[in-house]
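Novice: The following file, data_30.cif, comprises mmCIF, C-alpha atoms:
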```cif
data_coords
loop_
_atom_site.group_PDB
_atom_site.id
_atom_site.type_symbol
_atom_site.label_atom_id
_atom_site.label_comp_id
_atom_site.auth_asym_id
_atom_site.auth_seq_id
_atom_site.Cartn_x
_atom_site.Cartn_y
_atom_site.Cartn_z
ATOM 1 C CA MET A 974 170.190 137.684 84.016
ATOM 2 C CA THR A 975 171.165 139.657 87.109
ATOM 3 C CA LYS A 976 168.933 139.913 90.173
ATOM 4 C CA ILE A 977 168.333 143.636 89.641
ATOM 5 C CA LYS A 978 167.367 143.115 85.989
ATOM 6 C CA PHE A 979 165.009 140.276 86.963
ATOM 7 C CA LEU A 980 163.281 142.352 89.650
ATOM 8 C CA LEU A 981 162.990 145.411 87.392
ATOM 9 C CA GLU A 982 161.506 143.343 84.581
ATOM 10 C CA LEU A 983 159.051 141.622 86.928
ATOM 11 C CA ASN A 984 158.104 145.005 88.414
ATOM 12 C CA GLY A 985 157.439 146.311 84.888
ATOM 13 C CA ARG A 986 155.136 143.383 84.156
ATOM 14 C CA LEU A 987 153.139 144.009 87.324
ATOM 15 C CA SER A 988 152.594 147.766 86.953
ATOM 16 C CA GLY A 989 148.949 148.556 87.638
ATOM 17 C CA LEU A 990 148.611 145.894 90.324
ATOM 18 C CA PRO A 991 148.334 147.078 93.956
ATOM 19 C CA LYS A 992 151.753 148.529 94.892
ATOM 20 C CA ASN A 993 151.920 146.893 98.350
ATOM 21 C CA ALA A 994 151.272 143.448 96.919
ATOM 22 C CA VAL A 995 153.895 143.930 94.182
ATOM 23 C CA GLU A 996 156.555 145.235 96.597
ATOM 24 C CA GLU A 997 155.960 142.327 98.960
ATOM 25 C CA ARG A 998 156.332 139.792 96.160
ATOM 26 C CA LEU A 999 159.456 141.457 94.768
ATOM 27 C CA GLY A 1000 160.926 141.300 98.282
ATOM 28 C CA PHE A 1001 160.056 137.607 98.490
ATOM 29 C CA TYR A 1002 161.764 136.785 95.161
ATOM 30 C CA SER A 1003 164.747 138.975 96.011
ATOM 31 C CA GLU A 1004 165.189 137.062 99.291
ATOM 32 C CA MET A 1005 164.919 133.727 97.456
ATOM 33 C CA ILE A 1006 167.641 134.734 94.966
ATOM 34 C CA GLU A 1007 169.932 136.047 97.730
ATOM 35 C CA ASP A 1008 169.494 132.826 99.725
ATOM 36 C CA ARG A 1009 170.342 130.723 96.661
ATOM 37 C CA ILE A 1010 173.498 132.785 96.056
ATOM 38 C CA GLU A 1011 174.435 132.292 99.711
ATOM 39 C CA ASP A 1012 173.905 128.561 99.172
ATOM 40 C CA GLY A 1013 176.652 128.548 96.527
ATOM 41 C CA LEU A 1014 174.833 129.286 93.265
ATOM 42 C CA SER A 1015 176.006 132.008 90.889
ATOM 43 C CA GLU A 1016 173.703 135.031 90.439
ATOM 44 C CA GLU A 1017 172.671 133.805 86.955
ATOM 45 C CA GLU A 1018 171.847 130.316 88.258
ATOM 46 C CA ALA A 1019 169.965 131.693 91.267
ATOM 47 C CA VAL A 1020 167.784 133.891 89.045
ATOM 48 C CA ALA A 1021 167.163 131.032 86.602
ATOM 49 C CA ALA A 1022 166.155 128.715 89.475
ATOM 50 C CA VAL A 1023 163.329 131.060 90.519
ATOM 51 C CA GLY A 1024 161.548 130.420 87.200
ATOM 52 C CA SER A 1025 160.504 132.348 84.111
ATOM 53 C CA ILE A 1026 159.245 135.911 84.512
ATOM 54 C CA ASP A 1027 156.267 135.183 82.234
ATOM 55 C CA GLU A 1028 155.016 132.356 84.448
ATOM 56 C CA ILE A 1029 155.623 134.271 87.681
ATOM 57 C CA ALA A 1030 153.853 137.406 86.400
ATOM 58 C CA GLU A 1031 150.941 135.280 85.160
ATOM 59 C CA GLN A 1032 150.547 133.523 88.505
ATOM 60 C CA ILE A 1033 150.767 136.753 90.503
ATOM 61 C CA THR A 1034 148.125 138.364 88.246
ATOM 62 C CA ALA A 1035 145.890 135.317 88.691
ATOM 63 C CA ASP A 1036 146.420 135.330 92.483
ATOM 64 C CA ILE A 1037 145.452 138.943 93.147
ATOM 65 C CA PRO A 1038 141.645 139.264 93.103
ATOM 66 C CA LEU A 1039 140.110 141.650 90.534
ATOM 67 C CA THR A 1040 138.212 143.410 93.343
ATOM 68 C CA ARG A 1041 141.505 144.341 95.019
ATOM 69 C CA ILE A 1042 142.933 145.707 91.764
ATOM 70 C CA VAL A 1043 139.817 147.825 91.204
ATOM 71 C CA LYS A 1044 139.785 149.023 94.837
ATOM 72 C CA ASP A 1045 143.436 150.022 94.606
ATOM 73 C CA ASN A 1046 142.786 151.949 91.400
ATOM 74 C CA ILE A 1047 139.835 153.758 92.968
ATOM 75 C CA ASN A 1048 142.076 154.771 95.892
ATOM 76 C CA GLN A 1049 144.622 156.138 93.426
ATOM 77 C CA LYS A 1050 141.905 158.060 91.601
ATOM 78 C CA SER A 1051 140.771 159.749 94.821
ATOM 79 C CA ARG A 1052 143.922 161.873 94.485
ATOM 80 C CA LEU A 1053 142.540 163.484 91.303
ATOM 81 C CA ARG A 1054 142.589 167.250 90.892
ATOM 82 C CA PRO A 1055 139.309 169.243 90.875
ATOM 83 C CA TRP A 1056 139.371 169.885 87.098
ATOM 84 C CA GLU A 1057 139.837 166.166 86.486
ATOM 85 C CA ILE A 1058 136.843 165.419 88.681
ATOM 86 C CA THR A 1059 134.818 168.069 86.755
ATOM 87 C CA LEU A 1060 135.840 166.431 83.481
ATOM 88 C CA ILE A 1061 134.790 163.020 84.763
ATOM 89 C CA VAL A 1062 131.426 164.388 85.905
ATOM 90 C CA LEU A 1063 130.844 166.212 82.583
ATOM 91 C CA GLY A 1064 131.961 163.190 80.565
ATOM 92 C CA PHE A 1065 129.595 161.013 82.531
ATOM 93 C CA PRO A 1066 127.176 160.314 79.614
ATOM 94 C CA ILE A 1067 130.074 159.124 77.464
ATOM 95 C CA TRP A 1068 132.081 157.006 79.891
ATOM 96 C CA LEU A 1069 129.044 155.503 81.554
ATOM 97 C CA SER A 1070 127.713 154.225 78.245
ATOM 98 C CA LEU A 1071 131.168 152.925 77.311
ATOM 99 C CA LEU A 1072 131.448 151.181 80.682
ATOM 100 C CA VAL A 1073 127.978 149.655 80.309
ATOM 101 C CA ALA A 1074 128.901 148.489 76.792
ATOM 102 C CA ALA A 1075 132.167 146.923 77.994
ATOM 103 C CA VAL A 1076 130.449 145.149 80.864
ATOM 104 C CA SER A 1077 127.677 143.901 78.538
ATOM 105 C CA VAL A 1078 130.280 142.534 76.101
ATOM 106 C CA ILE A 1079 131.971 140.593 78.903
ATOM 107 C CA VAL A 1080 128.646 139.355 80.315
ATOM 108 C CA SER A 1081 127.408 138.260 76.876
ATOM 109 C CA LEU A 1082 130.719 136.496 76.193
ATOM 110 C CA TYR A 1083 130.225 134.469 79.362
ATOM 111 C CA ALA A 1084 126.559 133.878 78.503
ATOM 112 C CA VAL A 1085 127.489 132.557 75.040
ATOM 113 C CA LEU A 1086 130.139 130.223 76.455
ATOM 114 C CA TRP A 1087 127.865 128.838 79.139
ATOM 115 C CA SER A 1088 124.852 128.519 76.841
ATOM 116 C CA VAL A 1089 126.958 126.189 74.684
ATOM 117 C CA VAL A 1090 127.546 124.071 77.785
ATOM 118 C CA VAL A 1091 123.882 124.199 78.790
ATOM 119 C CA SER A 1092 122.670 123.215 75.301
ATOM 120 C CA LEU A 1093 125.132 120.313 75.136
ATOM 121 C CA TRP A 1094 123.896 119.002 78.472
ATOM 122 C CA ALA A 1095 120.334 119.427 77.183
ATOM 123 C CA VAL A 1096 121.264 117.130 74.270
ATOM 124 C CA PHE A 1097 122.618 114.596 76.770
ATOM 125 C CA ILE A 1098 119.400 114.781 78.848
ATOM 126 C CA THR A 1099 117.303 114.373 75.684
ATOM 127 C CA PHE A 1100 119.179 111.237 74.645
ATOM 128 C CA THR A 1101 118.932 109.764 78.138
ATOM 129 C CA GLY A 1102 115.218 110.622 78.365
ATOM 130 C CA THR A 1103 114.477 109.193 74.899
ATOM 131 C CA SER A 1104 116.399 106.043 75.743
ATOM 132 C CA LEU A 1105 114.393 105.531 78.938
ATOM 133 C CA GLY A 1106 111.127 106.350 77.137
ATOM 134 C CA ALA A 1107 111.887 103.856 74.368
ATOM 135 C CA LEU A 1108 112.700 101.236 76.989
ATOM 136 C CA ALA A 1109 109.325 101.827 78.698
ATOM 137 C CA SER A 1110 107.583 101.738 75.324
ATOM 138 C CA CYS A 1111 109.363 98.462 74.504
ATOM 139 C CA ALA A 1112 107.996 96.903 77.705
ATOM 140 C CA ALA A 1113 104.506 98.226 76.915
ATOM 141 C CA HIS A 1114 104.605 96.754 73.359
ATOM 142 C CA ILE A 1115 105.722 93.351 74.628
ATOM 143 C CA PHE A 1116 102.927 93.333 77.218
ATOM 144 C CA THR A 1117 100.330 94.243 74.557
ATOM 145 C CA ALA A 1118 101.624 91.369 72.367
ATOM 146 C CA HIS A 1119 103.454 93.467 69.734
ATOM 147 C CA PRO A 1120 106.894 91.804 69.974
ATOM 148 C CA LEU A 1121 108.221 93.282 66.677
ATOM 149 C CA SER A 1122 107.454 96.869 67.645
ATOM 150 C CA GLY A 1123 108.880 96.044 71.091
ATOM 151 C CA ALA A 1124 112.136 94.857 69.521
ATOM 152 C CA ALA A 1125 112.316 98.023 67.400
ATOM 153 C CA MET A 1126 111.812 100.135 70.533
ATOM 154 C CA LEU A 1127 114.536 98.178 72.338
ATOM 155 C CA GLY A 1128 116.880 98.910 69.423
ATOM 156 C CA ALA A 1129 115.999 102.603 69.578
ATOM 157 C CA ALA A 1130 116.580 102.599 73.353
ATOM 158 C CA LEU A 1131 120.023 101.043 72.902
ATOM 159 C CA VAL A 1132 121.005 103.495 70.138
ATOM 160 C CA CYS A 1133 119.899 106.464 72.274
ATOM 161 C CA ALA A 1134 121.723 105.055 75.316
ATOM 162 C CA GLY A 1135 124.884 104.830 73.192
ATOM 163 C CA PHE A 1136 124.510 108.443 72.030
ATOM 164 C CA SER A 1137 123.763 109.457 75.603
ATOM 165 C CA ILE A 1138 127.029 107.915 76.888
ATOM 166 C CA LEU A 1139 128.991 109.494 74.025
ATOM 167 C CA SER A 1140 127.430 112.909 74.590
ATOM 168 C CA PHE A 1141 128.143 112.646 78.339
ATOM 169 C CA CYS A 1142 131.872 112.298 77.641
ATOM 170 C CA GLY A 1143 131.695 115.216 75.190
ATOM 171 C CA CYS A 1144 129.723 117.412 77.592
ATOM 172 C CA LYS A 1145 132.162 116.701 80.412
ATOM 173 C CA SER A 1146 135.235 117.714 78.416
ATOM 174 C CA VAL A 1147 133.517 120.781 76.926
ATOM 175 C CA THR A 1148 132.482 121.911 80.445
ATOM 176 C CA LYS A 1149 136.072 121.467 81.660
ATOM 177 C CA GLY A 1150 137.335 123.419 78.641
ATOM 178 C CA VAL A 1151 134.895 126.264 79.263
ATOM 179 C CA VAL A 1152 135.905 126.477 82.935
ATOM 180 C CA ALA A 1153 139.575 126.731 81.877
ATOM 181 C CA LEU A 1154 138.670 129.306 79.212
ATOM 182 C CA THR A 1155 136.689 131.359 81.755
ATOM 183 C CA LYS A 1156 139.797 131.496 83.986
ATOM 184 C CA LYS A 1157 141.948 132.571 81.021
ATOM 185 C CA ILE A 1158 139.456 135.309 80.112
ATOM 186 C CA ALA A 1159 139.544 136.559 83.719
ATOM 187 C CA ILE A 1160 143.352 136.841 83.512
ATOM 188 C CA ARG A 1161 143.063 138.659 80.159
ATOM 189 C CA ILE A 1162 140.574 141.138 81.636
ATOM 190 C CA LYS A 1163 142.937 141.805 84.544
ATOM 191 C CA LYS A 1164 145.805 142.293 82.069
ATOM 192 C CA CYS A 1165 143.774 144.910 80.118
ATOM 193 C CA PHE A 1166 143.280 146.722 83.383
ATOM 194 C CA ILE A 1167 146.996 146.604 84.168
ATOM 195 C CA LYS A 1168 147.983 147.962 80.739
ATOM 196 C CA LYS A 1169 145.493 150.846 80.912
ATOM 197 C CA GLU A 1170 146.673 151.836 84.365
ATOM 198 C CA GLY A 1171 150.292 151.567 83.235
ATOM 199 C CA HIS A 1172 149.667 154.083 80.434
ATOM 200 C CA ASN A 1173 147.882 156.508 82.741
ATOM 201 C CA GLU A 1174 150.855 156.748 85.063
ATOM 202 C CA MET B 1225 145.603 114.513 92.303
ATOM 203 C CA ASP B 1226 142.483 116.453 93.254
ATOM 204 C CA ILE B 1227 143.446 120.186 93.453
ATOM 205 C CA GLN B 1228 141.651 120.862 96.751
ATOM 206 C CA LEU B 1229 143.201 117.785 98.360
ATOM 207 C CA LYS B 1230 146.683 118.733 97.133
ATOM 208 C CA ARG B 1231 146.243 122.306 98.409
ATOM 209 C CA GLY B 1232 145.330 121.042 101.871
ATOM 210 C CA LEU B 1233 148.259 118.618 101.871
ATOM 211 C CA LEU B 1234 150.771 121.302 100.831
ATOM 212 C CA ASP B 1235 149.516 123.596 103.617
ATOM 213 C CA VAL B 1236 150.264 120.874 106.168
ATOM 214 C CA CYS B 1237 153.668 120.178 104.545
ATOM 215 C CA VAL B 1238 154.690 123.823 104.960
ATOM 216 C CA LEU B 1239 153.432 123.826 108.565
ATOM 217 C CA ALA B 1240 155.460 120.670 109.222
ATOM 218 C CA ALA B 1241 158.560 122.381 107.777
ATOM 219 C CA ILE B 1242 158.338 125.105 110.460
ATOM 220 C CA LYS B 1243 157.004 122.870 113.237
ATOM 221 C CA ASP B 1244 160.220 122.454 115.234
ATOM 222 C CA ALA B 1245 161.843 125.816 114.635
ATOM 223 C CA GLU B 1246 161.091 129.024 112.752
ATOM 224 C CA SER B 1247 162.306 128.957 109.163
ATOM 225 C CA TYR B 1248 162.604 131.105 106.012
ATOM 226 C CA GLY B 1249 161.330 130.683 102.448
ATOM 227 C CA TYR B 1250 164.345 129.101 100.778
ATOM 228 C CA LYS B 1251 164.965 126.717 103.698
ATOM 229 C CA ILE B 1252 161.328 125.563 103.604
ATOM 230 C CA ILE B 1253 161.665 124.731 99.892
ATOM 231 C CA LYS B 1254 164.998 122.981 100.508
ATOM 232 C CA ASP B 1255 163.667 120.948 103.454
ATOM 233 C CA MET B 1256 160.636 119.829 101.463
ATOM 234 C CA LYS B 1257 162.598 119.023 98.279
ATOM 235 C CA PRO B 1258 163.374 115.336 99.094
ATOM 236 C CA TYR B 1259 159.631 114.758 99.564
ATOM 237 C CA ILE B 1260 157.858 117.240 97.299
ATOM 238 C CA GLU B 1261 158.935 119.922 94.783
ATOM 239 C CA LEU B 1262 157.453 123.341 95.481
ATOM 240 C CA SER B 1263 157.815 126.476 93.353
ATOM 241 C CA GLU B 1264 158.443 129.892 94.914
ATOM 242 C CA SER B 1265 155.106 131.241 93.677
ATOM 243 C CA THR B 1266 153.220 128.318 95.203
ATOM 244 C CA LEU B 1267 155.073 128.688 98.501
ATOM 245 C CA TYR B 1268 154.265 132.414 98.622
ATOM 246 C CA THR B 1269 150.555 131.725 98.136
ATOM 247 C CA ILE B 1270 150.570 129.023 100.831
ATOM 248 C CA LEU B 1271 152.458 131.202 103.340
ATOM 249 C CA LYS B 1272 149.989 134.058 102.766
ATOM 250 C CA ARG B 1273 147.030 131.717 103.209
ATOM 251 C CA LEU B 1274 148.451 130.236 106.432
ATOM 252 C CA GLU B 1275 149.223 133.727 107.770
ATOM 253 C CA ALA B 1276 145.653 134.874 107.040
ATOM 254 C CA ALA B 1277 144.368 131.781 108.874
ATOM 255 C CA SER B 1278 146.624 132.646 111.891
ATOM 256 C CA MET B 1279 148.463 129.355 111.532
ATOM 257 C CA LEU B 1280 151.837 131.109 111.382
ATOM 258 C CA THR B 1281 153.376 134.461 112.212
ATOM 259 C CA VAL B 1282 155.987 136.372 110.217
ATOM 260 C CA ARG B 1283 158.870 138.513 111.431
ATOM 261 C CA SER B 1284 161.646 140.246 109.517
ATOM 262 C CA ALA B 1285 165.176 139.959 110.865
ATOM 263 C CA GLU B 1286 168.550 141.192 109.691
ATOM 264 C CA HIS B 1287 170.705 138.538 108.018
ATOM 265 C CA GLY B 1288 174.035 139.237 106.318
ATOM 266 C CA GLY B 1289 173.244 142.912 105.751
ATOM 267 C CA ARG B 1290 169.742 142.328 104.392
ATOM 268 C CA LEU B 1291 166.270 141.573 105.726
ATOM 269 C CA ARG B 1292 164.953 138.036 105.735
ATOM 270 C CA LYS B 1293 161.434 136.926 106.671
ATOM 271 C CA TYR B 1294 161.091 134.171 109.265
ATOM 272 C CA TYR B 1295 157.942 132.116 109.694
ATOM 273 C CA ARG B 1296 156.921 130.663 113.052
ATOM 274 C CA ILE B 1297 154.083 128.201 113.644
ATOM 275 C CA THR B 1298 151.219 129.148 116.016
ATOM 276 C CA ASP B 1299 148.995 126.964 118.206
ATOM 277 C CA ASN B 1300 146.421 127.025 115.387
ATOM 278 C CA GLY B 1301 149.052 125.643 113.016
ATOM 279 C CA LEU B 1302 150.078 122.908 115.443
ATOM 280 C CA ARG B 1303 146.402 122.005 115.835
ATOM 281 C CA ARG B 1304 146.061 121.778 112.048
ATOM 282 C CA ILE B 1305 148.926 119.244 111.929
ATOM 283 C CA GLU B 1306 147.248 117.155 114.657
ATOM 284 C CA GLU B 1307 143.930 117.312 112.760
ATOM 285 C CA PHE B 1308 145.711 116.149 109.626
ATOM 286 C CA LYS B 1309 147.243 113.207 111.508
ATOM 287 C CA SER B 1310 143.882 112.027 112.826
ATOM 288 C CA ASP B 1311 142.259 112.566 109.386
ATOM 289 C CA TRP B 1312 145.073 110.582 107.864
ATOM 290 C CA ALA B 1313 144.505 107.603 110.169
ATOM 291 C CA GLU B 1314 140.968 107.484 108.803
ATOM 292 C CA ILE B 1315 142.130 107.806 105.170
ATOM 293 C CA LEU B 1316 144.734 105.092 105.753
ATOM 294 C CA SER B 1317 142.141 102.656 107.074
ATOM 295 C CA ILE B 1318 139.968 103.374 103.981
ATOM 296 C CA TYR B 1319 143.036 102.806 101.783
ATOM 297 C CA ASN B 1320 143.749 99.504 103.547
ATOM 298 C CA PHE B 1321 140.161 98.442 102.958
ATOM 299 C CA VAL B 1322 140.347 99.365 99.242
ATOM 300 C CA THR B 1323 143.656 97.582 98.640
ATOM 301 C CA LYS B 1324 142.522 94.550 100.681
ATOM 302 C CA GLU B 1325 139.632 94.123 98.222
ATOM 303 C CA GLU B 1326 142.146 94.260 95.343
ATOM 304 C CA ILE B 1327 144.409 91.661 96.978
ATOM 305 C CA SER B 1328 141.507 89.225 97.531
ATOM 306 C CA ASP B 1329 140.412 89.845 93.887
ATOM 307 C CA ASP B 1330 143.918 88.932 92.728
ATOM 308 C CA LYS B 1331 143.786 85.688 94.748
ATOM 309 C CA ASP B 1332 140.472 84.744 93.089
#
```
Do you think you could lay out the structure here as structure tokens?

Specialist:
Amino acid sequence: MTKIKFLLELNGRLSGLPKNAVEERLGFYSEMIEDRIEDGLSEEEAVAAVGSIDEIAEQITADIPLTRIVKDNINQKSRLRPWEITLIVLGFPIWLSLLVAAVSVIVSLYAVLWSVVVSLWAVFITFTGTSLGALASCAAHIFTAHPLSGAAMLGAALVCAGFSILSFCGCKSVTKGVVALTKKIAIRIKKCFIKKEGHNE
Amino acid sequence: MDIQLKRGLLDVCVLAAIKDAESYGYKIIKDMKPYIELSESTLYTILKRLEAASMLTVRSAEHGGRLRKYYRITDNGLRRIEEFKSDWAEILSIYNFVTKEEISDDKD
């Protein structure tokens, strides 16, 4: 791939992101490719050494905060013509409800994901609590001269402790997974934004 | 390695790469290569972060008929390197303590 083709393709992937940020990054990659060519690499090799466009575009999208993307889009919209503004004002009941619905979907998605995490940790706490309770009960039974019940309680405490340790490992990995998923969702949301803006232009 | 720790270490690496003289993106990556591999995207993020923290300044200069960005370390950046060195002395003494325990365990 030539340098020009690489930069054009990357630019296409980043349409909708703040223009200044995109131009600066394109300049950075262009400089990197030029410097590699100067160092003795062919143009093809220099472009390949920079990395895949998919990964670069993904990282740039992840790096630029959503607030900056939104702010940039609002600035662009301030150049709207009067009739467009009138249309926006008149369409207010429709787009506001759509916006509220979209935001609620996103919020509820997050709530669902995190409630899974919370309920799993609740299971862990329950097991730990039951295990400790059974242990206390075991001691109480031994003191009140009920060794058999005490032994049964000790068994229950051990079983619950085992489940508690197992559920801790599970909870930990699920929490990690949800954090990773949350990041991915954030990137997806940004991408939706980019596509919509791209079509508007 | 812990992400936060690695981020802090990479920041200092980039500062060290421009400590003696101003440098440019590709040269920073090349100078660091024998010690640590750094992708362009990561370097860009680090340079931006260091610029925002006033640890380096950027200037564009003409080179071979095109513009190239040069990065120069500031007093803040130099201070960061010194901080890292003194932090590292502390980490090293903790490391020595940890490995000393392991060595005496092995002897037992």

Novice: Show me, as a Markdown table, the residues of chain B having an atom within 9 Å of chain A, each with the closest atom pair and its distance in Å, using only C-alpha atoms.

Specialist:
```
| residue | atom | partner | partner_atom | distance |
| --- | --- | --- | --- | --- |
| B:Gly1249 | CA | A:Met1005 | CA | 6.9 |
| B:Tyr1250 | CA | A:Met1005 | CA | 5.7 |
| B:Lys1251 | CA | A:Asp1008 | CA | 8.6 |
| B:Ser1263 | CA | A:Val1023 | CA | 7.7 |
| B:Glu1264 | CA | A:Val1023 | CA | 6.7 |
| B:Ser1265 | CA | A:Ile1029 | CA | 6.7 |
| B:Thr1266 | CA | A:Gln1032 | CA | 8.9 |
| B:Tyr1268 | CA | A:Phe1001 | CA | 7.8 |
| B:Thr1269 | CA | A:Asp1036 | CA | 7.9 |
| B:Arg1290 | CA | A:Glu1004 | CA | 8.6 |
| B:Leu1291 | CA | A:Glu1004 | CA | 7.9 |
| B:Arg1292 | CA | A:Glu1004 | CA | 6.5 |
| B:Lys1293 | CA | A:Glu1004 | CA | 8.3 |
```

Novice: Atom CA of Gly985 of chain A and atom CA of Ile1042 of chain A are how many Å apart?

Specialist: 16.1 Å

Novice: At a cut-off of 12 Å, using only C-alpha atoms, what residues contact Thr1099 of chain A? Leave out same-chain residues fewer than 5 positions from it and give the result as a list in words.

Specialist: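 That gives Ser1092, Leu1093, Trp1094, Ser1104, Leu1105, Gly1106, Ala1107, Cys1133, Ala1134, Phe1136, Ser1137, Ile1138, Ser1140 and Phe1141 of chain A.
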
Novice: Write the selection just made, keeping C-alpha atoms, as a PDB file, in the frame of the given file?

Specialist:
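Here's the written file result-v6.pdb:
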```
ATOM      1  CA  SER A1092     122.670 123.215  75.301  1.00  0.00           C
ATOM      2  CA  LEU A1093     125.132 120.313  75.136  1.00  0.00           C
ATOM      3  CA  TRP A1094     123.896 119.002  78.472  1.00  0.00           C
ATOM      4  CA  SER A1104     116.399 106.043  75.743  1.00  0.00           C
ATOM      5  CA  LEU A1105     114.393 105.531  78.938  1.00  0.00           C
ATOM      6  CA  GLY A1106     111.127 106.350  77.137  1.00  0.00           C
ATOM      7  CA  ALA A1107     111.887 103.856  74.368  1.00  0.00           C
ATOM      8  CA  CYS A1133     119.899 106.464  72.274  1.00  0.00           C
ATOM      9  CA  ALA A1134     121.723 105.055  75.316  1.00  0.00           C
ATOM     10  CA  PHE A1136     124.510 108.443  72.030  1.00  0.00           C
ATOM     11  CA  SER A1137     123.763 109.457  75.603  1.00  0.00           C
ATOM     12  CA  ILE A1138     127.029 107.915  76.888  1.00  0.00           C
ATOM     13  CA  SER A1140     127.430 112.909  74.590  1.00  0.00           C
ATOM     14  CA  PHE A1141     128.143 112.646  78.339  1.00  0.00           C
TER      15      PHE A1141
END
```

Novice: Could you spell out the hits of the PyMOL selection byres ((chain B and resi 1302) around 10) on the shown file, as a PDB file with C-alpha atoms, keeping the file's coordinate frame?

Specialist:
```
ATOM      1  CA  VAL B1236     150.264 120.874 106.168  1.00  0.00           C
ATOM      2  CA  LEU B1239     153.432 123.826 108.565  1.00  0.00           C
ATOM      3  CA  ALA B1240     155.460 120.670 109.222  1.00  0.00           C
ATOM      4  CA  ILE B1242     158.338 125.105 110.460  1.00  0.00           C
ATOM      5  CA  LYS B1243     157.004 122.870 113.237  1.00  0.00           C
ATOM      6  CA  MET B1279     148.463 129.355 111.532  1.00  0.00           C
ATOM      7  CA  LEU B1280     151.837 131.109 111.382  1.00  0.00           C
ATOM      8  CA  ILE B1297     154.083 128.201 113.644  1.00  0.00           C
ATOM      9  CA  THR B1298     151.219 129.148 116.016  1.00  0.00           C
ATOM     10  CA  ASP B1299     148.995 126.964 118.206  1.00  0.00           C
ATOM     11  CA  ASN B1300     146.421 127.025 115.387  1.00  0.00           C
ATOM     12  CA  GLY B1301     149.052 125.643 113.016  1.00  0.00           C
ATOM     13  CA  ARG B1303     146.402 122.005 115.835  1.00  0.00           C
ATOM     14  CA  ARG B1304     146.061 121.778 112.048  1.00  0.00           C
ATOM     15  CA  ILE B1305     148.926 119.244 111.929  1.00  0.00           C
ATOM     16  CA  GLU B1306     147.248 117.155 114.657  1.00  0.00           C
ATOM     17  CA  GLU B1307     143.930 117.312 112.760  1.00  0.00           C
ATOM     18  CA  PHE B1308     145.711 116.149 109.626  1.00  0.00           C
TER      19      PHE B1308
END
```

Novice: Which of these, A:Val1062, A:Leu1053, A:Leu1086, A:Val1080, has the shortest distance to Lys1149 of chain A once you count all atoms listed in the file?

Specialist: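 Closest to Lys1149 of chain A, using all atoms listed in the file: A:Leu1086.
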
Novice: Starting from the displayed file, determine the output of the PyMOL selection byres ((chain A and resi 1162) around 12) and express the residue list as a ChimeraX atom specification.

Specialist: /A:1034-1035,1038-1039,1042-1043,1075-1076,1078-1079,1155-1161,1163-1169

Novice: Written as a list in words, which residues does the PyMOL selection byres ((chain B and resi 1260) around 12) give for the file shown?

Specialist: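 This file gives the following for the PyMOL selection byres ((chain B and resi 1260) around 12): Lys1230, Leu1233, Leu1234, Cys1237, Val1238, Ala1241, Ile1252, Ile1253, Lys1254, Asp1255, Met1256, Lys1257, Pro1258, Tyr1259, Glu1261, Leu1262, Ser1263 and Leu1267 of chain B.
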